[in-house]
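Asker: Let me begin by handing over the structure; questions about it come next.
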Amino acid sequence: MTTYADPAARVGVRRRWAMLAASTLAQAATAVMIHGPAFLIPALHERGLSLAQAGLVAAAPMAGVVLALVPWGLLTDRRGERLVLLAGLVGAAVFGALAALSGSVPLLAVGLGLAGLFGASSSVASGRVVVGWFPAGRRGLAMGIRQMSQPTGVGIAAVTMAVVADAAGPYAAVWVPVAACAIAAVLVALVVVDPPRPAGGPTAAPSPYRADHYLPRIHGVSVLLVVPQFVVWTFALVWLVQDRGWSPAAAGVLVAVAQVAGALGRIGVGQLSDVVSSRMRPLRWVTVAAAAVMLLLGLTAGWAVPVAVPLVVLATLVTVADNGLAFTAVAERAGPFWSGRALGVQNTAQFVAATAVPPVAGLAVAAFGYSATFALAALFPLAALGLVPVRHERELS
């Protein structure tokens with residue numbers, strides 16, 4: 001039976017959708033901070049950094065995220081979502097501003113890393129707000145909307161940070177995510193209320209990891225699917241500029257369009273999971289599609305005919321579609337007193353892989369070219385197919 005510790009927790013449908021909007025904006029703002037530095041790579045490369053070195057700077061926020069996700073999850077389980085969201089957004093804005101003012105590549109990387117550390121809070125807490133306030137039959141759609149925040153944030157970064165970096169330098173471009181995080185913090189303060197929780201408290205809830213291997217298998221699938229996602233996210237713009245001769249502005253617009261498509265795809269896949277009453281079957285379908293599209297992209301990226309350009313858009317759509325499904329499934333299985341930590345583990349595993357992708361893929365591009373790198377990324381969703389725990393999924397509740 002659900003209990004309400006605070007009368008403010010009794011909110012209507014309109015307030016729930018407002019909290020979904022605030023949570024989505026919070027995640028989008030931190031996505032600009034965490035993933036936006038990938039669009040600084042061309043500007044950093046022009047200033048003498050190798051692709052691998054520029055990739056390390058781009059990966060700095062993700063390294064900060066890796067260190068912080070589980071602690072943020074634990075704090076969310078103990079203290080609630082609103083506090084964690086506010087602390088993280090304000091901290092990300094402050095350290096992002098310091099990075100923008102640094103004027104030094106090492107200090108830029110450190111500031112972005114600390115901004116990522118604070119920005120990690122939204123990955124856990126904003127998802128908890130959605131799962132806590134929406135019923136199972138609407139949760140896939142609601143989480144799909146919330147999960148569109150990540151590709152939307154990347155799209156915003158593509159059309160803003162890439163252009164600002166090209167015109168005014170990489171440090172000036174960092175003010176974009178600083179402003180986004182500050183605006184999101186204000187909206188969260190005005191709208192978000194901690195969702196109700198069952199009576200009994202955290203001590204009464206056993207660890208969901210002791211029951212079976214369902215959660216670890218989802219973590220494994222998500223880690224493998226991160227690789228093609230971040231290969232496309234990190235190097236699509238650079239490929240268009242260096243191999244295709246596009247301007248940074250034109251390439252940024254295409255990447256932004258692709259991210260919008262990916263955002264809409266997350267909503268569609270989330271709604272599909274509600275309709276078929278399963279998170280794992282759609283996750284398996286997405287995994288097959290990711291392997292196929294990355295292989296096609298690898299085969300066509302070197303062709304003179306620009307077949308690969310629309311495939312980049314399709315690859316962006318497909319490779320991000322799994323996140324909402326996995327995120328929702330983890331939160332549902334873990335329950336209200338473990339989902340913070342479980343989502344922290346989920347995202348930590350993903351970001352460990354994501355942090356490694358830019359520098360390693362940069363080395364692969366330098367050694368083998370873009371076509372081979374895209375094709376190699378198809379091996380990871382193929383490996384993930386056998387891990388999707390379709391038979392171990394429970395009825396949605």
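For the structure tokens, the naming scheme is as follows: chains receive sequential letters (A, B, ...) according to their order of presentation, residues are indexed from 1 within each chain, and ligands are indexed from 1 in presentation order.
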What's around Val286 of chain A at 7 Å? Count only C-alpha atoms, leave out sequence neighbours fewer than 5 positions away in its own chain, and write the answer as a count of residues only.
Answerer: 3
Asker: Let's see if you can do this: from backbone DSSP, list all alpha helix (DSSP H) residues in segment 122-366 of chain A, as a PDB file with C-alpha atoms, in the first residue's frame.
Answerer:
ATOM      1  CA  SER A 122      19.920  13.980 -13.233  1.00  0.00           C
ATOM      2  CA  SER A 123      20.534  10.584 -14.825  1.00  0.00           C
ATOM      3  CA  VAL A 124      19.315   8.924 -11.639  1.00  0.00           C
ATOM      4  CA  ALA A 125      16.961  11.395  -9.986  1.00  0.00           C
ATOM      5  CA  SER A 126      14.999  12.597 -13.019  1.00  0.00           C
ATOM      6  CA  GLY A 127      14.225   9.016 -14.013  1.00  0.00           C
ATOM      7  CA  ARG A 128      13.079   8.269 -10.492  1.00  0.00           C
ATOM      8  CA  VAL A 129      10.646  11.183 -10.653  1.00  0.00           C
ATOM      9  CA  VAL A 130       9.052   9.704 -13.772  1.00  0.00           C
ATOM     10  CA  VAL A 131       8.913   6.113 -12.528  1.00  0.00           C
ATOM     11  CA  GLY A 132       7.571   7.270  -9.162  1.00  0.00           C
ATOM     12  CA  TRP A 133       4.724   9.381 -10.534  1.00  0.00           C
ATOM     13  CA  ALA A 136       2.992   1.037 -15.374  1.00  0.00           C
ATOM     14  CA  GLY A 137       0.617   1.372 -18.330  1.00  0.00           C
ATOM     15  CA  ARG A 138       1.885   4.895 -19.072  1.00  0.00           C
ATOM     16  CA  ARG A 139       5.412   4.568 -17.787  1.00  0.00           C
ATOM     17  CA  GLY A 140       6.982   3.413 -21.042  1.00  0.00           C
ATOM     18  CA  LEU A 141       5.605   6.446 -22.871  1.00  0.00           C
ATOM     19  CA  ALA A 142       6.525   8.811 -20.025  1.00  0.00           C
ATOM     20  CA  MET A 143      10.045   7.408 -19.781  1.00  0.00           C
ATOM     21  CA  GLY A 144      10.368   7.544 -23.555  1.00  0.00           C
ATOM     22  CA  ILE A 145       9.579  11.254 -23.374  1.00  0.00           C
ATOM     23  CA  ARG A 146      12.058  11.716 -20.550  1.00  0.00           C
ATOM     24  CA  GLN A 147      14.692   9.702 -22.408  1.00  0.00           C
ATOM     25  CA  SER A 149      16.132  14.482 -23.385  1.00  0.00           C
ATOM     26  CA  GLN A 150      19.516  12.924 -24.061  1.00  0.00           C
ATOM     27  CA  PRO A 151      19.423  13.017 -27.874  1.00  0.00           C
ATOM     28  CA  THR A 152      17.649  16.377 -27.688  1.00  0.00           C
ATOM     29  CA  GLY A 153      20.487  17.692 -25.537  1.00  0.00           C
ATOM     30  CA  VAL A 154      23.032  16.326 -27.992  1.00  0.00           C
ATOM     31  CA  GLY A 155      21.114  17.939 -30.843  1.00  0.00           C
ATOM     32  CA  ILE A 156      21.101  21.289 -29.059  1.00  0.00           C
ATOM     33  CA  ALA A 157      24.833  20.949 -28.490  1.00  0.00           C
ATOM     34  CA  ALA A 158      25.392  20.112 -32.165  1.00  0.00           C
ATOM     35  CA  VAL A 159      23.701  23.257 -33.486  1.00  0.00           C
ATOM     36  CA  THR A 160      25.113  25.556 -30.800  1.00  0.00           C
ATOM     37  CA  MET A 161      28.415  24.363 -29.382  1.00  0.00           C
ATOM     38  CA  ALA A 162      29.875  23.287 -32.728  1.00  0.00           C
ATOM     39  CA  VAL A 163      29.035  26.653 -34.290  1.00  0.00           C
ATOM     40  CA  VAL A 164      30.209  28.720 -31.295  1.00  0.00           C
ATOM     41  CA  ALA A 165      33.420  26.694 -31.055  1.00  0.00           C
ATOM     42  CA  ASP A 166      34.112  27.252 -34.754  1.00  0.00           C
ATOM     43  CA  ALA A 167      33.468  31.007 -34.469  1.00  0.00           C
ATOM     44  CA  ALA A 168      34.774  31.882 -30.996  1.00  0.00           C
ATOM     45  CA  PRO A 170      35.988  25.844 -27.529  1.00  0.00           C
ATOM     46  CA  TYR A 171      35.933  27.761 -24.228  1.00  0.00           C
ATOM     47  CA  ALA A 172      33.166  30.111 -25.358  1.00  0.00           C
ATOM     48  CA  ALA A 173      31.063  27.125 -26.433  1.00  0.00           C
ATOM     49  CA  TRP A 175      28.686  28.645 -21.821  1.00  0.00           C
ATOM     50  CA  VAL A 176      25.859  26.897 -23.691  1.00  0.00           C
ATOM     51  CA  PRO A 177      25.515  23.986 -21.229  1.00  0.00           C
ATOM     52  CA  VAL A 178      26.160  26.337 -18.289  1.00  0.00           C
ATOM     53  CA  ALA A 179      23.099  28.372 -19.236  1.00  0.00           C
ATOM     54  CA  ALA A 180      21.023  25.232 -19.858  1.00  0.00           C
ATOM     55  CA  CYS A 181      21.805  23.789 -16.412  1.00  0.00           C
ATOM     56  CA  ALA A 182      21.013  27.070 -14.672  1.00  0.00           C
ATOM     57  CA  ILE A 183      17.615  27.330 -16.386  1.00  0.00           C
ATOM     58  CA  ALA A 184      16.792  23.702 -15.580  1.00  0.00           C
ATOM     59  CA  ALA A 185      17.635  24.231 -11.899  1.00  0.00           C
ATOM     60  CA  VAL A 186      15.088  27.044 -11.685  1.00  0.00           C
ATOM     61  CA  LEU A 187      12.332  24.929 -13.263  1.00  0.00           C
ATOM     62  CA  VAL A 188      13.059  21.939 -11.013  1.00  0.00           C
ATOM     63  CA  ALA A 189      12.874  24.182  -7.946  1.00  0.00           C
ATOM     64  CA  LEU A 190       9.448  25.436  -9.033  1.00  0.00           C
ATOM     65  CA  VAL A 191       7.836  22.159 -10.111  1.00  0.00           C
ATOM     66  CA  TYR A 214      17.853 -10.055 -14.641  1.00  0.00           C
ATOM     67  CA  LEU A 215      19.363  -6.703 -13.678  1.00  0.00           C
ATOM     68  CA  PRO A 216      22.997  -7.651 -14.441  1.00  0.00           C
ATOM     69  CA  ARG A 217      21.954  -8.910 -17.871  1.00  0.00           C
ATOM     70  CA  ILE A 218      20.221  -5.622 -18.663  1.00  0.00           C
ATOM     71  CA  HIS A 219      23.338  -3.778 -17.509  1.00  0.00           C
ATOM     72  CA  GLY A 220      25.429  -5.936 -19.849  1.00  0.00           C
ATOM     73  CA  VAL A 221      23.149  -5.342 -22.823  1.00  0.00           C
ATOM     74  CA  SER A 222      23.192  -1.596 -22.208  1.00  0.00           C
ATOM     75  CA  VAL A 223      26.995  -1.502 -22.008  1.00  0.00           C
ATOM     76  CA  LEU A 224      27.357  -3.276 -25.332  1.00  0.00           C
ATOM     77  CA  LEU A 225      24.798  -1.028 -27.033  1.00  0.00           C
ATOM     78  CA  VAL A 226      26.586   2.095 -25.791  1.00  0.00           C
ATOM     79  CA  VAL A 227      29.488   1.443 -28.155  1.00  0.00           C
ATOM     80  CA  PRO A 228      27.714   2.031 -31.494  1.00  0.00           C
ATOM     81  CA  GLN A 229      25.732   4.879 -29.948  1.00  0.00           C
ATOM     82  CA  PHE A 230      28.825   6.810 -28.931  1.00  0.00           C
ATOM     83  CA  VAL A 231      30.794   5.963 -32.055  1.00  0.00           C
ATOM     84  CA  VAL A 232      28.031   7.695 -34.039  1.00  0.00           C
ATOM     85  CA  TRP A 233      27.546  10.535 -31.545  1.00  0.00           C
ATOM     86  CA  THR A 234      31.233  11.342 -31.261  1.00  0.00           C
ATOM     87  CA  PHE A 235      32.408  10.993 -34.843  1.00  0.00           C
ATOM     88  CA  ALA A 236      29.442  11.678 -37.126  1.00  0.00           C
ATOM     89  CA  LEU A 237      30.150  15.414 -37.146  1.00  0.00           C
ATOM     90  CA  VAL A 238      33.903  14.942 -37.531  1.00  0.00           C
ATOM     91  CA  TRP A 239      33.334  12.443 -40.376  1.00  0.00           C
ATOM     92  CA  LEU A 240      31.041  14.881 -42.192  1.00  0.00           C
ATOM     93  CA  VAL A 241      33.566  17.729 -41.816  1.00  0.00           C
ATOM     94  CA  GLN A 242      36.774  15.819 -42.566  1.00  0.00           C
ATOM     95  CA  PRO A 248      30.761  22.605 -39.055  1.00  0.00           C
ATOM     96  CA  ALA A 249      27.441  24.485 -39.149  1.00  0.00           C
ATOM     97  CA  ALA A 250      25.924  22.239 -41.841  1.00  0.00           C
ATOM     98  CA  ALA A 251      27.214  19.105 -40.134  1.00  0.00           C
ATOM     99  CA  GLY A 252      25.842  20.332 -36.823  1.00  0.00           C
ATOM    100  CA  VAL A 253      22.389  20.838 -38.355  1.00  0.00           C
ATOM    101  CA  LEU A 254      22.346  17.284 -39.730  1.00  0.00           C
ATOM    102  CA  VAL A 255      23.476  15.850 -36.400  1.00  0.00           C
ATOM    103  CA  ALA A 256      20.763  17.883 -34.660  1.00  0.00           C
ATOM    104  CA  VAL A 257      18.116  16.548 -37.060  1.00  0.00           C
ATOM    105  CA  ALA A 258      19.371  13.027 -36.377  1.00  0.00           C
ATOM    106  CA  GLN A 259      19.137  13.613 -32.644  1.00  0.00           C
ATOM    107  CA  VAL A 260      15.564  14.862 -32.957  1.00  0.00           C
ATOM    108  CA  ALA A 261      14.760  11.685 -34.876  1.00  0.00           C
ATOM    109  CA  GLY A 262      16.401   9.685 -32.089  1.00  0.00           C
ATOM    110  CA  ALA A 263      14.364  11.526 -29.473  1.00  0.00           C
ATOM    111  CA  LEU A 264      11.114  10.754 -31.278  1.00  0.00           C
ATOM    112  CA  GLY A 265      12.247   7.161 -31.694  1.00  0.00           C
ATOM    113  CA  ARG A 266      12.619   6.798 -27.935  1.00  0.00           C
ATOM    114  CA  ILE A 267       9.064   7.969 -27.433  1.00  0.00           C
ATOM    115  CA  GLY A 268       7.801   5.531 -30.056  1.00  0.00           C
ATOM    116  CA  VAL A 269       9.687   2.574 -28.599  1.00  0.00           C
ATOM    117  CA  GLY A 270       8.514   3.480 -25.089  1.00  0.00           C
ATOM    118  CA  GLN A 271       4.896   3.594 -26.251  1.00  0.00           C
ATOM    119  CA  LEU A 272       5.402   0.279 -28.051  1.00  0.00           C
ATOM    120  CA  SER A 273       6.611  -1.306 -24.813  1.00  0.00           C
ATOM    121  CA  ASP A 274       3.393  -0.168 -23.099  1.00  0.00           C
ATOM    122  CA  VAL A 275       1.269  -1.574 -25.922  1.00  0.00           C
ATOM    123  CA  MET A 280      12.535  -6.749 -23.195  1.00  0.00           C
ATOM    124  CA  ARG A 281      10.965  -7.785 -26.490  1.00  0.00           C
ATOM    125  CA  PRO A 282      11.262  -4.267 -27.958  1.00  0.00           C
ATOM    126  CA  LEU A 283      14.789  -4.111 -26.532  1.00  0.00           C
ATOM    127  CA  ARG A 284      15.704  -7.216 -28.524  1.00  0.00           C
ATOM    128  CA  TRP A 285      14.198  -5.739 -31.695  1.00  0.00           C
ATOM    129  CA  VAL A 286      16.212  -2.554 -31.231  1.00  0.00           C
ATOM    130  CA  THR A 287      19.393  -4.581 -30.705  1.00  0.00           C
ATOM    131  CA  VAL A 288      18.946  -6.383 -34.026  1.00  0.00           C
ATOM    132  CA  ALA A 289      18.279  -3.086 -35.804  1.00  0.00           C
ATOM    133  CA  ALA A 290      21.394  -1.462 -34.296  1.00  0.00           C
ATOM    134  CA  ALA A 291      23.639  -4.246 -35.565  1.00  0.00           C
ATOM    135  CA  ALA A 292      22.162  -4.054 -39.052  1.00  0.00           C
ATOM    136  CA  VAL A 293      22.332  -0.283 -39.467  1.00  0.00           C
ATOM    137  CA  MET A 294      25.903   0.015 -38.161  1.00  0.00           C
ATOM    138  CA  LEU A 295      27.051  -2.677 -40.569  1.00  0.00           C
ATOM    139  CA  LEU A 296      25.362  -0.855 -43.460  1.00  0.00           C
ATOM    140  CA  LEU A 297      26.905   2.437 -42.364  1.00  0.00           C
ATOM    141  CA  GLY A 298      30.347   0.848 -42.279  1.00  0.00           C
ATOM    142  CA  LEU A 299      29.900  -0.610 -45.765  1.00  0.00           C
ATOM    143  CA  THR A 300      28.779   2.690 -47.305  1.00  0.00           C
ATOM    144  CA  ALA A 308      25.870   6.914 -45.732  1.00  0.00           C
ATOM    145  CA  VAL A 309      24.550  10.384 -44.864  1.00  0.00           C
ATOM    146  CA  PRO A 310      20.920   9.268 -44.337  1.00  0.00           C
ATOM    147  CA  LEU A 311      22.266   6.116 -42.710  1.00  0.00           C
ATOM    148  CA  VAL A 312      23.969   8.306 -40.081  1.00  0.00           C
ATOM    149  CA  VAL A 313      20.545   9.747 -39.249  1.00  0.00           C
ATOM    150  CA  LEU A 314      19.050   6.245 -39.076  1.00  0.00           C
ATOM    151  CA  ALA A 315      21.962   4.972 -36.974  1.00  0.00           C
ATOM    152  CA  THR A 316      21.507   7.844 -34.535  1.00  0.00           C
ATOM    153  CA  LEU A 317      17.814   7.001 -34.207  1.00  0.00           C
ATOM    154  CA  VAL A 318      18.302   3.261 -33.709  1.00  0.00           C
ATOM    155  CA  THR A 319      21.331   3.304 -31.419  1.00  0.00           C
ATOM    156  CA  VAL A 320      19.627   5.513 -28.817  1.00  0.00           C
ATOM    157  CA  ASP A 322      17.266   1.109 -26.216  1.00  0.00           C
ATOM    158  CA  ASN A 323      18.078   3.449 -23.335  1.00  0.00           C
ATOM    159  CA  GLY A 324      14.544   4.216 -22.207  1.00  0.00           C
ATOM    160  CA  LEU A 325      13.527   0.560 -22.308  1.00  0.00           C
ATOM    161  CA  ALA A 326      16.482  -0.576 -20.218  1.00  0.00           C
ATOM    162  CA  PHE A 327      16.189   2.336 -17.810  1.00  0.00           C
ATOM    163  CA  THR A 328      12.485   1.697 -17.199  1.00  0.00           C
ATOM    164  CA  ALA A 329      12.980  -2.043 -16.794  1.00  0.00           C
ATOM    165  CA  VAL A 330      15.749  -1.541 -14.228  1.00  0.00           C
ATOM    166  CA  ALA A 331      13.690   0.907 -12.172  1.00  0.00           C
ATOM    167  CA  GLU A 332      10.614  -1.334 -12.258  1.00  0.00           C
ATOM    168  CA  ARG A 333      12.471  -4.455 -11.144  1.00  0.00           C
ATOM    169  CA  ALA A 334      14.607  -2.699  -8.502  1.00  0.00           C
ATOM    170  CA  SER A 339      16.148   1.897  -8.007  1.00  0.00           C
ATOM    171  CA  GLY A 340      18.446   4.834  -7.248  1.00  0.00           C
ATOM    172  CA  ARG A 341      21.403   2.537  -6.756  1.00  0.00           C
ATOM    173  CA  ALA A 342      20.358   0.176  -9.544  1.00  0.00           C
ATOM    174  CA  LEU A 343      20.050   3.067 -11.977  1.00  0.00           C
ATOM    175  CA  GLY A 344      23.385   4.330 -10.710  1.00  0.00           C
ATOM    176  CA  VAL A 345      24.968   0.975 -11.516  1.00  0.00           C
ATOM    177  CA  GLN A 346      23.192   0.909 -14.887  1.00  0.00           C
ATOM    178  CA  ASN A 347      24.432   4.325 -15.884  1.00  0.00           C
ATOM    179  CA  THR A 348      27.899   3.817 -14.407  1.00  0.00           C
ATOM    180  CA  ALA A 349      28.407   0.740 -16.546  1.00  0.00           C
ATOM    181  CA  GLN A 350      27.189   2.632 -19.603  1.00  0.00           C
ATOM    182  CA  PHE A 351      29.375   5.644 -18.959  1.00  0.00           C
ATOM    183  CA  VAL A 352      32.473   3.518 -18.334  1.00  0.00           C
ATOM    184  CA  ALA A 353      32.019   2.196 -21.847  1.00  0.00           C
ATOM    185  CA  ALA A 354      31.056   5.635 -23.185  1.00  0.00           C
ATOM    186  CA  THR A 355      34.169   7.213 -21.679  1.00  0.00           C
ATOM    187  CA  ALA A 356      36.382   4.706 -23.465  1.00  0.00           C
ATOM    188  CA  VAL A 357      34.686   5.033 -26.854  1.00  0.00           C
ATOM    189  CA  PRO A 358      35.924   8.500 -28.001  1.00  0.00           C
ATOM    190  CA  PRO A 359      39.683   7.921 -27.515  1.00  0.00           C
ATOM    191  CA  VAL A 360      39.610   4.264 -28.600  1.00  0.00           C
ATOM    192  CA  ALA A 361      37.420   4.981 -31.620  1.00  0.00           C
ATOM    193  CA  GLY A 362      39.690   7.934 -32.431  1.00  0.00           C
ATOM    194  CA  LEU A 363      42.630   5.557 -32.574  1.00  0.00           C
ATOM    195  CA  ALA A 364      40.587   3.152 -34.728  1.00  0.00           C
ATOM    196  CA  VAL A 365      39.676   5.937 -37.146  1.00  0.00           C
ATOM    197  CA  ALA A 366      43.312   6.997 -37.397  1.00  0.00           C
TER     198      ALA A 366
END
Asker: Just the residues within 12 Å of Ala60 of chain A, please, counting only C-alpha atoms, with nothing from its chain fewer than 3 positions along; format it as a short mmCIF file (atom, residue, chain, number, x, y, z; two decimals) with N, CA, C and O atoms, in the first residue's frame.
Answerer:
data_model
loop_
_atom_site.label_atom_id
_atom_site.label_comp_id
_atom_site.auth_asym_id
_atom_site.auth_seq_id
_atom_site.Cartn_x
_atom_site.Cartn_y
_atom_site.Cartn_z
N MET A 33 25.84 19.33 -21.29
CA MET A 33 27.10 19.45 -20.56
C MET A 33 27.98 18.23 -20.72
O MET A 33 29.20 18.33 -20.89
N ILE A 34 27.38 17.05 -20.69
CA ILE A 34 28.17 15.82 -20.68
C ILE A 34 28.60 15.40 -22.09
O ILE A 34 29.74 15.00 -22.32
N HIS A 35 27.68 15.52 -23.05
CA HIS A 35 27.97 15.04 -24.40
C HIS A 35 28.36 16.15 -25.37
O HIS A 35 28.94 15.87 -26.42
N GLY A 36 28.03 17.39 -25.03
CA GLY A 36 28.35 18.50 -25.90
C GLY A 36 29.83 18.66 -26.22
O GLY A 36 30.18 19.04 -27.35
N PRO A 37 30.75 18.39 -25.27
CA PRO A 37 32.18 18.53 -25.60
C PRO A 37 32.65 17.69 -26.79
O PRO A 37 33.71 17.97 -27.35
N ALA A 38 31.88 16.68 -27.18
CA ALA A 38 32.25 15.93 -28.39
C ALA A 38 32.28 16.85 -29.61
O ALA A 38 33.06 16.63 -30.55
N GLN A 53 43.63 12.87 -28.41
CA GLN A 53 43.71 13.84 -27.31
C GLN A 53 42.42 14.65 -27.19
O GLN A 53 41.91 14.88 -26.09
N ALA A 54 41.89 15.09 -28.33
CA ALA A 54 40.62 15.82 -28.29
C ALA A 54 39.50 14.92 -27.79
O ALA A 54 38.59 15.37 -27.07
N GLY A 55 39.57 13.64 -28.13
CA GLY A 55 38.59 12.69 -27.62
C GLY A 55 38.65 12.54 -26.11
O GLY A 55 37.63 12.37 -25.45
N LEU A 56 39.86 12.63 -25.54
CA LEU A 56 40.00 12.57 -24.08
C LEU A 56 39.34 13.77 -23.42
O LEU A 56 38.69 13.64 -22.37
N VAL A 57 39.49 14.96 -24.01
CA VAL A 57 38.82 16.14 -23.46
C VAL A 57 37.31 15.95 -23.54
O VAL A 57 36.57 16.24 -22.59
N ALA A 63 33.82 10.83 -17.63
CA ALA A 63 34.61 10.27 -16.54
C ALA A 63 34.08 10.75 -15.19
O ALA A 63 34.00 9.98 -14.23
N GLY A 64 33.70 12.03 -15.11
CA GLY A 64 33.10 12.54 -13.89
C GLY A 64 31.79 11.84 -13.57
O GLY A 64 31.49 11.53 -12.40
N VAL A 65 31.00 11.57 -14.60
CA VAL A 65 29.73 10.87 -14.40
C VAL A 65 29.96 9.49 -13.81
O VAL A 65 29.26 9.05 -12.89
N VAL A 66 30.95 8.78 -14.34
CA VAL A 66 31.24 7.42 -13.87
C VAL A 66 31.51 7.39 -12.37
O VAL A 66 31.06 6.50 -11.64
N LEU A 67 32.24 8.39 -11.87
CA LEU A 67 32.60 8.42 -10.45
C LEU A 67 31.41 8.72 -9.55
O LEU A 67 31.42 8.37 -8.37
N GLY A 96 31.00 24.13 -14.87
CA GLY A 96 31.03 24.43 -16.29
C GLY A 96 31.51 25.84 -16.55
O GLY A 96 32.29 26.09 -17.47
N ALA A 99 35.20 25.99 -16.16
CA ALA A 99 35.86 25.42 -17.34
C ALA A 99 35.89 26.43 -18.48
O ALA A 99 36.90 26.58 -19.17
N VAL A 105 43.71 23.91 -21.79
CA VAL A 105 43.13 22.62 -22.13
C VAL A 105 43.06 21.68 -20.93
O VAL A 105 42.02 21.05 -20.68
N PRO A 106 44.13 21.54 -20.12
CA PRO A 106 44.01 20.68 -18.93
C PRO A 106 42.93 21.15 -17.97
O PRO A 106 42.16 20.34 -17.43
N LEU A 107 42.87 22.47 -17.72
CA LEU A 107 41.84 22.99 -16.81
C LEU A 107 40.45 22.87 -17.41
O LEU A 107 39.46 22.65 -16.70
N LEU A 108 40.35 22.99 -18.73
CA LEU A 108 39.07 22.76 -19.40
C LEU A 108 38.60 21.33 -19.15
O LEU A 108 37.43 21.11 -18.80
N ALA A 109 39.50 20.37 -19.29
CA ALA A 109 39.14 18.97 -19.08
C ALA A 109 38.74 18.72 -17.63
O ALA A 109 37.75 18.02 -17.35
N VAL A 110 39.48 19.31 -16.68
CA VAL A 110 39.16 19.12 -15.26
C VAL A 110 37.80 19.74 -14.94
O VAL A 110 36.96 19.13 -14.26
N GLY A 111 37.57 20.97 -15.42
CA GLY A 111 36.29 21.62 -15.15
C GLY A 111 35.13 20.86 -15.74
O GLY A 111 34.08 20.70 -15.10
N LEU A 112 35.30 20.36 -16.96
CA LEU A 112 34.25 19.57 -17.58
C LEU A 112 34.03 18.25 -16.83
O LEU A 112 32.89 17.78 -16.70
N GLY A 113 35.11 17.67 -16.33
CA GLY A 113 34.97 16.44 -15.55
C GLY A 113 34.16 16.66 -14.28
O GLY A 113 33.29 15.85 -13.93
N LEU A 114 34.42 17.77 -13.59
CA LEU A 114 33.67 18.08 -12.37
C LEU A 114 32.22 18.44 -12.69
O LEU A 114 31.30 18.10 -11.94
N ALA A 115 32.01 19.14 -13.80
CA ALA A 115 30.65 19.44 -14.22
C ALA A 115 29.89 18.16 -14.52
O ALA A 115 28.71 18.02 -14.19
N GLY A 116 30.56 17.19 -15.16
CA GLY A 116 29.94 15.90 -15.41
C GLY A 116 29.63 15.16 -14.13
O GLY A 116 28.59 14.49 -14.02
N LEU A 117 30.52 15.28 -13.14
CA LEU A 117 30.29 14.63 -11.85
C LEU A 117 28.98 15.12 -11.22
O LEU A 117 28.18 14.32 -10.71
N PHE A 351 28.44 4.54 -18.80
CA PHE A 351 29.38 5.64 -18.96
C PHE A 351 30.83 5.19 -18.92
O PHE A 351 31.69 5.85 -19.49
N VAL A 352 31.11 4.07 -18.25
CA VAL A 352 32.47 3.52 -18.33
C VAL A 352 32.78 3.19 -19.79
O VAL A 352 33.85 3.53 -20.32
N ALA A 354 31.14 4.41 -22.40
CA ALA A 354 31.06 5.64 -23.18
C ALA A 354 32.33 6.47 -23.06
O ALA A 354 32.75 7.12 -24.02
N THR A 355 32.94 6.46 -21.88
CA THR A 355 34.17 7.21 -21.68
C THR A 355 35.31 6.64 -22.52
O THR A 355 36.17 7.38 -23.02
N ALA A 356 35.31 5.34 -22.69
CA ALA A 356 36.38 4.71 -23.46
C ALA A 356 36.20 4.86 -24.97
O ALA A 356 37.17 4.81 -25.72
N VAL A 357 34.94 5.04 -25.41
CA VAL A 357 34.69 5.03 -26.85
C VAL A 357 35.39 6.16 -27.60
O VAL A 357 36.05 5.90 -28.62
N PRO A 358 35.30 7.45 -27.18
CA PRO A 358 35.92 8.50 -28.00
C PRO A 358 37.43 8.32 -28.25
O PRO A 358 37.85 8.34 -29.41
N PRO A 359 38.26 8.09 -27.21
CA PRO A 359 39.68 7.92 -27.51
C PRO A 359 40.00 6.64 -28.27
O PRO A 359 40.84 6.64 -29.18
#
Asker: If you measure from atom CA of Pro71 of chain A to atom CA of Trp338 of chain A, what distance in Å do you get, rounded to one decimal?
Answerer: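 Separation between atom CA of Pro71 of chain A and atom CA of Trp338 of chain A: 12.5 Å.
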Asker: Could you tell me how far atom CA of Tyr209 of chain A lies from atom CA of Asp77 of chain A, in Å and to one decimal?
Answerer: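 Calculated distance between atom CA of Tyr209 of chain A and atom CA of Asp77 of chain A is 16.0 Å.
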Asker: Between A:Arg15, A:Thr30, A:Arg78, A:Trp246, single out the one closest to Arg197 of chain A, counting only C-alpha atoms.
Answerer: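 Among A:Arg15, A:Thr30, A:Arg78, A:Trp246, it is A:Arg78 that comes nearest to Arg197 of chain A.
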Asker: Can you work out which one of A:Gly119, A:Gly12, A:Pro42, A:Pro61 has the shortest atom-to-atom distance to Ala26 of chain A, counting only C-alpha atoms?
Answerer: A:Gly119
Asker: In Å, how far is it from atom CA of Met148 of chain A to atom CA of Gln27 of chain A?
Answerer: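 For atom CA of Met148 of chain A relative to atom CA of Gln27 of chain A, the distance reads 9.1 Å.
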Asker: Neighbours of segment 80-84 of chain A within 6 Å (only C-alpha atoms; same-chain residues fewer than 2 positions away dropped), as an NGL selection string?
Answerer: :A and (76 or 86-87 or 125 or 194)
